[in-house]
Every structure is written in structure tokens, then in C-alpha cells.
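Before any comments, here is the structure.
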Amino acid sequence: MQPQQHAPDMQAVKERMKAMWTAGDFGKMAPFIADEAEEFVARLHLQPGMRLLDVACGTGNSAIPAARAGAIVTGVDIAPNLLATARMRAEREGLSVQFDEGDAEELPYADAQFDMIISMFGAMFAPRPQKMVAEFARVCRPGGLIAMANWTPQGFIGQSFQLTNRYAPMPPGLLPPVLWGEESVARERFAGVPGSFEAHRRELVFDYPFGPAELVQFLRANLGPAHATYARLDEEGQRQLSAEMEKLHADHNHGDANRTVIPSDYLEVRVHKA
């Protein structure tokens with residue numbers, strides 16, 4: 001007889017997620033994916049005046065270029081420190097963007113309020129995918145677009161997640177976020193949203209101006225999930241994780257000892273809501 005698996009405590013899960021993303025200094029990480037965020041937004045072919053919601057907007061990598069294109073942009077995220085950075089970035093550029101603290105599974109917006117809902121490497125971490133999808137569909141108007149960019153399980157970031165999960169496992173009952181990078185899974189999750197579905201495999205190339213060993217320490221200090229993982233380990237566990245992470249980065253590095261260049265696949269998903 002199989003042991004009964006209890007549903008995870010969602011309040012505890014959400015508190016852990018918030019703590020994870022407020023740890024470190026993601027503002028130092030964001031520039032390394034900024035160019036790809038610009039490309040992601042450019043492919044949306046935004047028109048001035050479109051109402052766009054960026055879910056799990058982080059420090060504004062997608063929201064800010066969308067505002068530059070003339071969209072009326074709202075960004076929402078669970079991490080207040082990331083929102084503070086996003087607001088400063090928008091202010092520096094003289095852009096009017098509304099940044100709100102909120103949960104992807106309980107969006108604080110009216111039905112059909114937006115022409116477009118986007119999320120790049122953010123909403124994929126919501127612990128209840130179907131609840132998040134229902135919220136995306138609710139706040140998107142008929143005829144609108146939902147667009148996500150999600151890391152794949154097979155890509156470099158997916159492999160990194162698998163490695164860190166061995167040291168700091170996810171709570172029982174939760175699904176790996178990188179399942180969003182499987183087209184069949186994303187298609188099934190959006191099956192209840194009337195409209196058309198499409199997906200395209202794309203690649204982001206990380207280019208860091210330091211070698212793999214220094215990069216791992218940079219990630220440990222600044223990337224929230226990495227920072228949180230190290231904090232849960234004793235000294236020996238931290239040493240072992242660093243050694244495995246350095247090897248993973250070195251094995252995939254297209255650069256040299258002083259520059260780390262690593263491509264990582266992601267899946268771009270689009271749902272044109274009927």
C-alpha cells in the first residue's frame with residue numbers, strides 16, 4: 001500500500017518562495033539576461049496603448065522595453081526588493097510603469113483587464129500551475145495574448161536546477177518548475193483556455209566576464225535560489241555543491257578560464273485567447 005502523500009502547506013511554500021527571491025541581489029544578475037528579454041518583447045510586436053501585464057516581472061527586464069514600445073505596462077512580483085529596483089530603472093528612463101507586489105496565483109486585477117499577459121522565467125515557479133493559468137486567462141481579454149518563456153529540463157539551467165534540488169529538495173507534492181519547458185506539458189496546462197497554442201524552442205547565451213569558479217561564487221552571493229540553497233547547507237555541503245556547480249559550468253563553458261559563455265534552451269509559449 002502506497003503511503004498517503006499530503007498536500008504541501010501553501011502558505012509555507014509561498015513564504016519560502018518569497019524569502020528565496022528576496023535573498024541575494026538579483027539586480028546584479030538581471031543584466032545577463034536583459035538582451036534576451038529585449039528580443040522576447042520585440043517578438044510581441046507591441047502597439048502603443050496596449051495594456052500589458054508582466055507577471056513575476058523581477059527587476060523589469062521585460063516590462064521596461066515593453067513600456068519603451070508604448071505599451072501601458074503593469075508589473076507584478078512577490079519580491080518587494082526586485083520591484084524597488086524595477087521602479088528605479090523605469091524612473092531613470094522616464095517611463096511610467098506600475099509595479100505591484102502580488103502573487104501570480106492570485107492576481108490583484110479585474111477580469112479581462114489586459115490585452116497581453118507575459119512572463120519570462122518567472123511565473124514558471126508558481127507552485128500550482130493550473131491556478132496560475134486560470135488567473136492568466138481571467139485577466140486577459142478575449143482576443144488577447146498570453147506569452148511565457150520557460151527554461152527547459154534538458155537545457156543548462158534545467159540541469160542546474162536538478163543539481164541544486166539534490167542538495168535542497170523541493171517540498172513534497174510540488175512539481176519541478178522546468179516542466180513548463182516541455183511543450184506537451186505547457187500545451188496540456190493551457191488546454192482549458194479557449195484559443196490557439198504555439199511553442200518555439202529558443203536559446204539564451206549567458207556571457208559572464210569571469211571563469212566558472214568565480215561565477216559560482218557570484219551566483220551564490222546574488223542569485224536568490226542559489227543564495228537560499230547554500231544557506232540551508234553545512235560547511236561540507238556548501239563545499240560539495242560549489243565543486244559540482246563549478247564542474248557543471250566548466251563542462252558547458254564555451255569561453256575560457258576567465259570568461260564563462262554557456263547557452264541554455266528555453267521554450268517560448270504563446271496562447272492567443274479566443
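Every chain in the C-alpha cells takes a letter, A first, then B, and so on in the order presented; its residues are numbered from 1, and the ligands are numbered from 1 following the presented order.
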Select from stretch 166-193 of chain A every residue with an atom at most 10 Å from any atom of stretch 7-17 of chain A, then for each give the shortest pair of atoms and their distance in Å to one decimal, using only C-alpha atoms, rows by chain and rising number, as JSON lines.
```
{"residue": "A:Met170", "atom": "CA", "partner": "A:Val13", "partner_atom": "CA", "distance": 9.5}
{"residue": "A:Pro171", "atom": "CA", "partner": "A:Pro8", "partner_atom": "CA", "distance": 6.9}
{"residue": "A:Pro172", "atom": "CA", "partner": "A:Pro8", "partner_atom": "CA", "distance": 6.5}
{"residue": "A:Gly173", "atom": "CA", "partner": "A:Pro8", "partner_atom": "CA", "distance": 5.9}
{"residue": "A:Leu174", "atom": "CA", "partner": "A:Pro8", "partner_atom": "CA", "distance": 7.3}
```
Practice prompt. Excluding A:Glu183 and residues on its chain fewer than 4 positions from it, collect all residues at most 12 Å away from it, counting only C-alpha atoms, and give them as a PyMOL selection string.
Written response: chain A and resi 148-153+178-179+187-191+197-201+266-270
Hey, could you make a per-residue contact list for stretch 179-252 of chain A against stretch 25-39 of chain A with 9 Å as the cut-off, showing the nearest pair of atoms and its distance in Å to one decimal, counting only C-alpha atoms, sorted by chain and number, as a tab-separated table?
```
residue	atom	partner	partner_atom	distance
A:Glu203	CA	A:Glu36	CA	8.8
A:Leu204	CA	A:Glu36	CA	6.4
A:Val205	CA	A:Ile33	CA	8.3
A:Phe206	CA	A:Phe32	CA	6.3
A:Asp207	CA	A:Phe32	CA	6.9
A:Tyr208	CA	A:Phe32	CA	7.4
A:Phe218	CA	A:Met29	CA	8.9
A:Leu219	CA	A:Met29	CA	8.0
A:Ala221	CA	A:Asp25	CA	7.4
A:Asn222	CA	A:Asp25	CA	4.4
A:Leu223	CA	A:Phe26	CA	5.6
A:Gly224	CA	A:Phe26	CA	6.7
```
Item to complete: Identify which of the residues A:Ala123, A:Val185, A:Ile118, A:Leu46 lies closest to A:Glu106, counting only C-alpha atoms when measuring atom-to-atom distances.
Response: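 Going through A:Ala123, A:Val185, A:Ile118, A:Leu46 one by one, the smallest distance to A:Glu106 is for A:Ala123.
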Discussion item. So that I can check the surroundings of A:Arg51, please list as a ChimeraX atom specification every protein, DNA and RNA residue that reaches within 9 Å of it, counting only C-alpha atoms and ignoring chain neighbours fewer than 2 positions away.
Written reply: /A:48-49,53,71-74,113-117
Let me see the file: selected residues, C-alpha atoms, as a short mmCIF file (atom, residue, chain, number, x, y, z; two decimals), in the first residue's frame.
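Full text of selection.cif as output:
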```cif
data_model
loop_
_atom_site.label_atom_id
_atom_site.label_comp_id
_atom_site.auth_asym_id
_atom_site.auth_seq_id
_atom_site.Cartn_x
_atom_site.Cartn_y
_atom_site.Cartn_z
CA PRO A 48 1.23 51.89 -28.45
CA GLY A 49 -1.57 51.90 -25.89
CA LEU A 53 0.82 42.73 -17.56
CA ALA A 71 2.53 49.79 -24.04
CA ILE A 72 0.69 50.68 -20.84
CA VAL A 73 2.62 48.34 -18.56
CA THR A 74 1.92 46.84 -15.16
CA GLN A 113 -8.16 43.98 -17.83
CA PHE A 114 -5.16 43.36 -20.13
CA ASP A 115 -4.52 42.88 -23.84
CA MET A 116 -1.40 40.84 -23.14
CA ILE A 117 -0.03 38.78 -20.25
#
```
Item to complete: Would you kindly return, as a list in words, each protein, DNA or RNA residue with an atom no farther than 12 Å from any atom of A:Lys247, considering only C-alpha atoms and excluding same-chain residues fewer than 6 positions away?
Response: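 Here the answer would be Ser160, Leu163, Gly211, Pro212, Ala213, Leu215, Val216, Gln240, Leu241 and Asn253 of chain A.
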Please produce an output containing C-alpha atoms for each residue in the selection, written as a short mmCIF file (atom, residue, chain, number, x, y, z; two decimals), in the first residue's frame.
```
data_model
loop_
_atom_site.label_atom_id
_atom_site.label_comp_id
_atom_site.auth_asym_id
_atom_site.auth_seq_id
_atom_site.Cartn_x
_atom_site.Cartn_y
_atom_site.Cartn_z
CA SER A 160 21.45 23.36 -12.72
CA LEU A 163 21.78 19.63 -9.25
CA GLY A 211 35.58 31.99 -15.09
CA PRO A 212 33.42 29.15 -13.74
CA ALA A 213 34.86 29.14 -10.19
CA LEU A 215 30.92 32.61 -11.40
CA VAL A 216 29.68 30.06 -8.88
CA GLN A 240 30.43 19.88 -2.30
CA LEU A 241 27.76 21.94 -4.02
CA ASN A 253 31.67 26.59 -20.95
#
```
Discussion item. Measuring between only C-alpha atoms, which one of A:Tyr230, A:Phe136, A:Phe121, A:Trp180 shows the shortest distance to A:Ala168?
Written reply: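 That would be A:Tyr230, the residue with the smallest distance to A:Ala168.
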Worksheet entry | Counting only C-alpha atoms, the residue of A:Pro209, A:Gly155, A:Pro108, A:Gly58 that sits nearest A:Glu135 |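 Result for the nearest residue to A:Glu135: A:Pro108.
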Discussion item. For a quick check of understanding, using only C-alpha atoms, which of A:Ala186, A:Tyr109, A:His227, A:Glu244 has the smallest distance to A:Arg166?
Written reply: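 Looking at the shortest contact to A:Arg166, the residue is A:Glu244.
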Fill in: Selected residue, from A:Ile262, A:Met20, A:Ile64, A:Ser184, that lies nearest to A:Leu95 when counting only C-alpha atoms
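Looking at the shortest contact to A:Leu95, the residue is A:Ile64.
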Discussion item. With only C-alpha atoms as the counted atoms, please give the residues lying no more than 10 Å from A:Ala79, apart from itself and same-chain residues fewer than 4 positions off, as number ranges by chain.
Written reply: A: 17-23, 56-59, 83-84, 100-103
For those residues, write N, CA and C atoms to a file as a PDB file, in the first residue's frame.
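Final output, saved to part_6.pdb:
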```pdb
ATOM      1  N   MET A  17       9.161  30.778  -0.988  1.00  0.00           N
ATOM      2  CA  MET A  17       9.444  31.357  -2.301  1.00  0.00           C
ATOM      3  C   MET A  17       9.802  32.833  -2.183  1.00  0.00           C
ATOM      4  N   LYS A  18       9.039  33.551  -1.377  1.00  0.00           N
ATOM      5  CA  LYS A  18       9.312  34.978  -1.204  1.00  0.00           C
ATOM      6  C   LYS A  18      10.690  35.196  -0.595  1.00  0.00           C
ATOM      7  N   ALA A  19      11.024  34.397   0.417  1.00  0.00           N
ATOM      8  CA  ALA A  19      12.340  34.504   1.041  1.00  0.00           C
ATOM      9  C   ALA A  19      13.447  34.184   0.041  1.00  0.00           C
ATOM     10  N   MET A  20      13.195  33.199  -0.810  1.00  0.00           N
ATOM     11  CA  MET A  20      14.189  32.791  -1.800  1.00  0.00           C
ATOM     12  C   MET A  20      14.482  33.912  -2.793  1.00  0.00           C
ATOM     13  N   TRP A  21      13.426  34.565  -3.292  1.00  0.00           N
ATOM     14  CA  TRP A  21      13.620  35.583  -4.330  1.00  0.00           C
ATOM     15  C   TRP A  21      14.018  36.932  -3.767  1.00  0.00           C
ATOM     16  N   THR A  22      13.837  37.135  -2.456  1.00  0.00           N
ATOM     17  CA  THR A  22      14.321  38.376  -1.861  1.00  0.00           C
ATOM     18  C   THR A  22      15.763  38.240  -1.381  1.00  0.00           C
ATOM     19  N   ALA A  23      16.285  37.020  -1.367  1.00  0.00           N
ATOM     20  CA  ALA A  23      17.674  36.798  -0.971  1.00  0.00           C
ATOM     21  C   ALA A  23      18.610  37.239  -2.099  1.00  0.00           C
ATOM     22  N   ALA A  56       5.501  38.122 -12.449  1.00  0.00           N
ATOM     23  CA  ALA A  56       6.826  37.787 -11.929  1.00  0.00           C
ATOM     24  C   ALA A  56       7.869  38.604 -12.678  1.00  0.00           C
ATOM     25  N   CYS A  57       7.653  39.911 -12.652  1.00  0.00           N
ATOM     26  CA  CYS A  57       8.419  40.841 -13.505  1.00  0.00           C
ATOM     27  C   CYS A  57       9.842  41.058 -13.031  1.00  0.00           C
ATOM     28  N   GLY A  58      10.155  40.668 -11.797  1.00  0.00           N
ATOM     29  CA  GLY A  58      11.515  40.851 -11.308  1.00  0.00           C
ATOM     30  C   GLY A  58      11.934  42.310 -11.321  1.00  0.00           C
ATOM     31  N   THR A  59      13.106  42.571 -11.853  1.00  0.00           N
ATOM     32  CA  THR A  59      13.649  43.932 -11.869  1.00  0.00           C
ATOM     33  C   THR A  59      13.271  44.702 -13.129  1.00  0.00           C
ATOM     34  N   LEU A  83      11.016  44.690  -7.057  1.00  0.00           N
ATOM     35  CA  LEU A  83      10.127  45.752  -7.530  1.00  0.00           C
ATOM     36  C   LEU A  83      10.750  47.127  -7.311  1.00  0.00           C
ATOM     37  N   ALA A  84      11.431  47.302  -6.190  1.00  0.00           N
ATOM     38  CA  ALA A  84      12.085  48.589  -5.923  1.00  0.00           C
ATOM     39  C   ALA A  84      13.135  48.885  -6.982  1.00  0.00           C
ATOM     40  N   ASP A 100       3.530  46.380  -8.908  1.00  0.00           N
ATOM     41  CA  ASP A 100       2.744  45.988  -7.745  1.00  0.00           C
ATOM     42  C   ASP A 100       3.311  44.723  -7.115  1.00  0.00           C
ATOM     43  N   GLU A 101       3.213  44.635  -5.795  1.00  0.00           N
ATOM     44  CA  GLU A 101       3.539  43.381  -5.118  1.00  0.00           C
ATOM     45  C   GLU A 101       2.313  42.482  -5.185  1.00  0.00           C
ATOM     46  N   GLY A 102       2.496  41.244  -5.625  1.00  0.00           N
ATOM     47  CA  GLY A 102       1.366  40.346  -5.747  1.00  0.00           C
ATOM     48  C   GLY A 102       1.799  38.947  -6.144  1.00  0.00           C
ATOM     49  N   ASP A 103       0.827  38.051  -6.183  1.00  0.00           N
ATOM     50  CA  ASP A 103       1.031  36.621  -6.374  1.00  0.00           C
ATOM     51  C   ASP A 103       0.479  36.217  -7.742  1.00  0.00           C
TER      52      ASP A 103
END
```
Item to complete: Just the alpha helix (DSSP H) stuff from stretch 51-244 of chain A, please, per backbone DSSP, written as a ChimeraX atom specification.
Response: /A:63-68,80-92,129-139,156-167,183-189,212-222,224-231,235-244
Discussion item. Calculated over only C-alpha atoms, which of the candidates A:Phe210, A:Leu82, A:Tyr167, A:Arg68 has the smallest distance to A:Glu236?
Written reply: A:Tyr167
Item to complete: Give me, please, the distance in Å between atom CA of A:Met120 and atom CA of A:Asp54, quoted to one decimal.
Response: 8.3 Å
Item to complete: Can you check which residues of stretch 76-151 of chain A DSSP gives as strand (DSSP E or B) on the backbone and send them as a PyMOL selection string?
Response: chain A and resi 76-77+98-101+103+106+114-120+140-151
Would you save the residues of that selection, restricted to C-alpha atoms, as a CSV table (one decimal), in the first residue's frame?
```csv
chain,number,residue,atom,x,y,z
A,76,VAL,CA,3.7,42.3,-10.6
A,77,ASP,CA,6.1,40.2,-8.4
A,98,GLN,CA,3.0,50.5,-12.4
A,99,PHE,CA,4.9,47.9,-10.3
A,100,ASP,CA,2.7,46.0,-7.7
A,101,GLU,CA,3.5,43.4,-5.1
A,103,ASP,CA,1.0,36.6,-6.4
A,106,GLU,CA,-4.0,35.5,-7.1
A,114,PHE,CA,-5.2,43.4,-20.1
A,115,ASP,CA,-4.5,42.9,-23.8
A,116,MET,CA,-1.4,40.8,-23.1
A,117,ILE,CA,0.0,38.8,-20.2
A,118,ILE,CA,3.7,37.9,-20.3
A,119,SER,CA,6.2,36.2,-18.1
A,120,MET,CA,9.8,35.5,-18.7
A,140,CYS,CA,-6.6,38.5,-20.3
A,141,ARG,CA,-9.3,39.9,-22.6
A,142,PRO,CA,-10.8,37.8,-25.3
A,143,GLY,CA,-8.6,38.1,-28.4
A,144,GLY,CA,-5.6,38.9,-26.2
A,145,LEU,CA,-2.2,37.1,-26.0
A,146,ILE,CA,-0.5,35.1,-23.2
A,147,ALA,CA,3.2,34.7,-23.7
A,148,MET,CA,5.7,32.8,-21.5
A,149,ALA,CA,9.4,32.0,-21.6
A,150,ASN,CA,10.3,28.9,-19.6
A,151,TRP,CA,13.6,27.1,-19.0
```
Worksheet item: How far is it from atom CA of A:Ser62 to atom CA of A:Arg202, in Å with one decimal?
Response: 16.4 Å
Worksheet item: What separation in Å, quoted to one decimal, exists between atom CA of A:Phe161 and atom CA of A:His249?
Response: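 It comes out at 12.7 Å.
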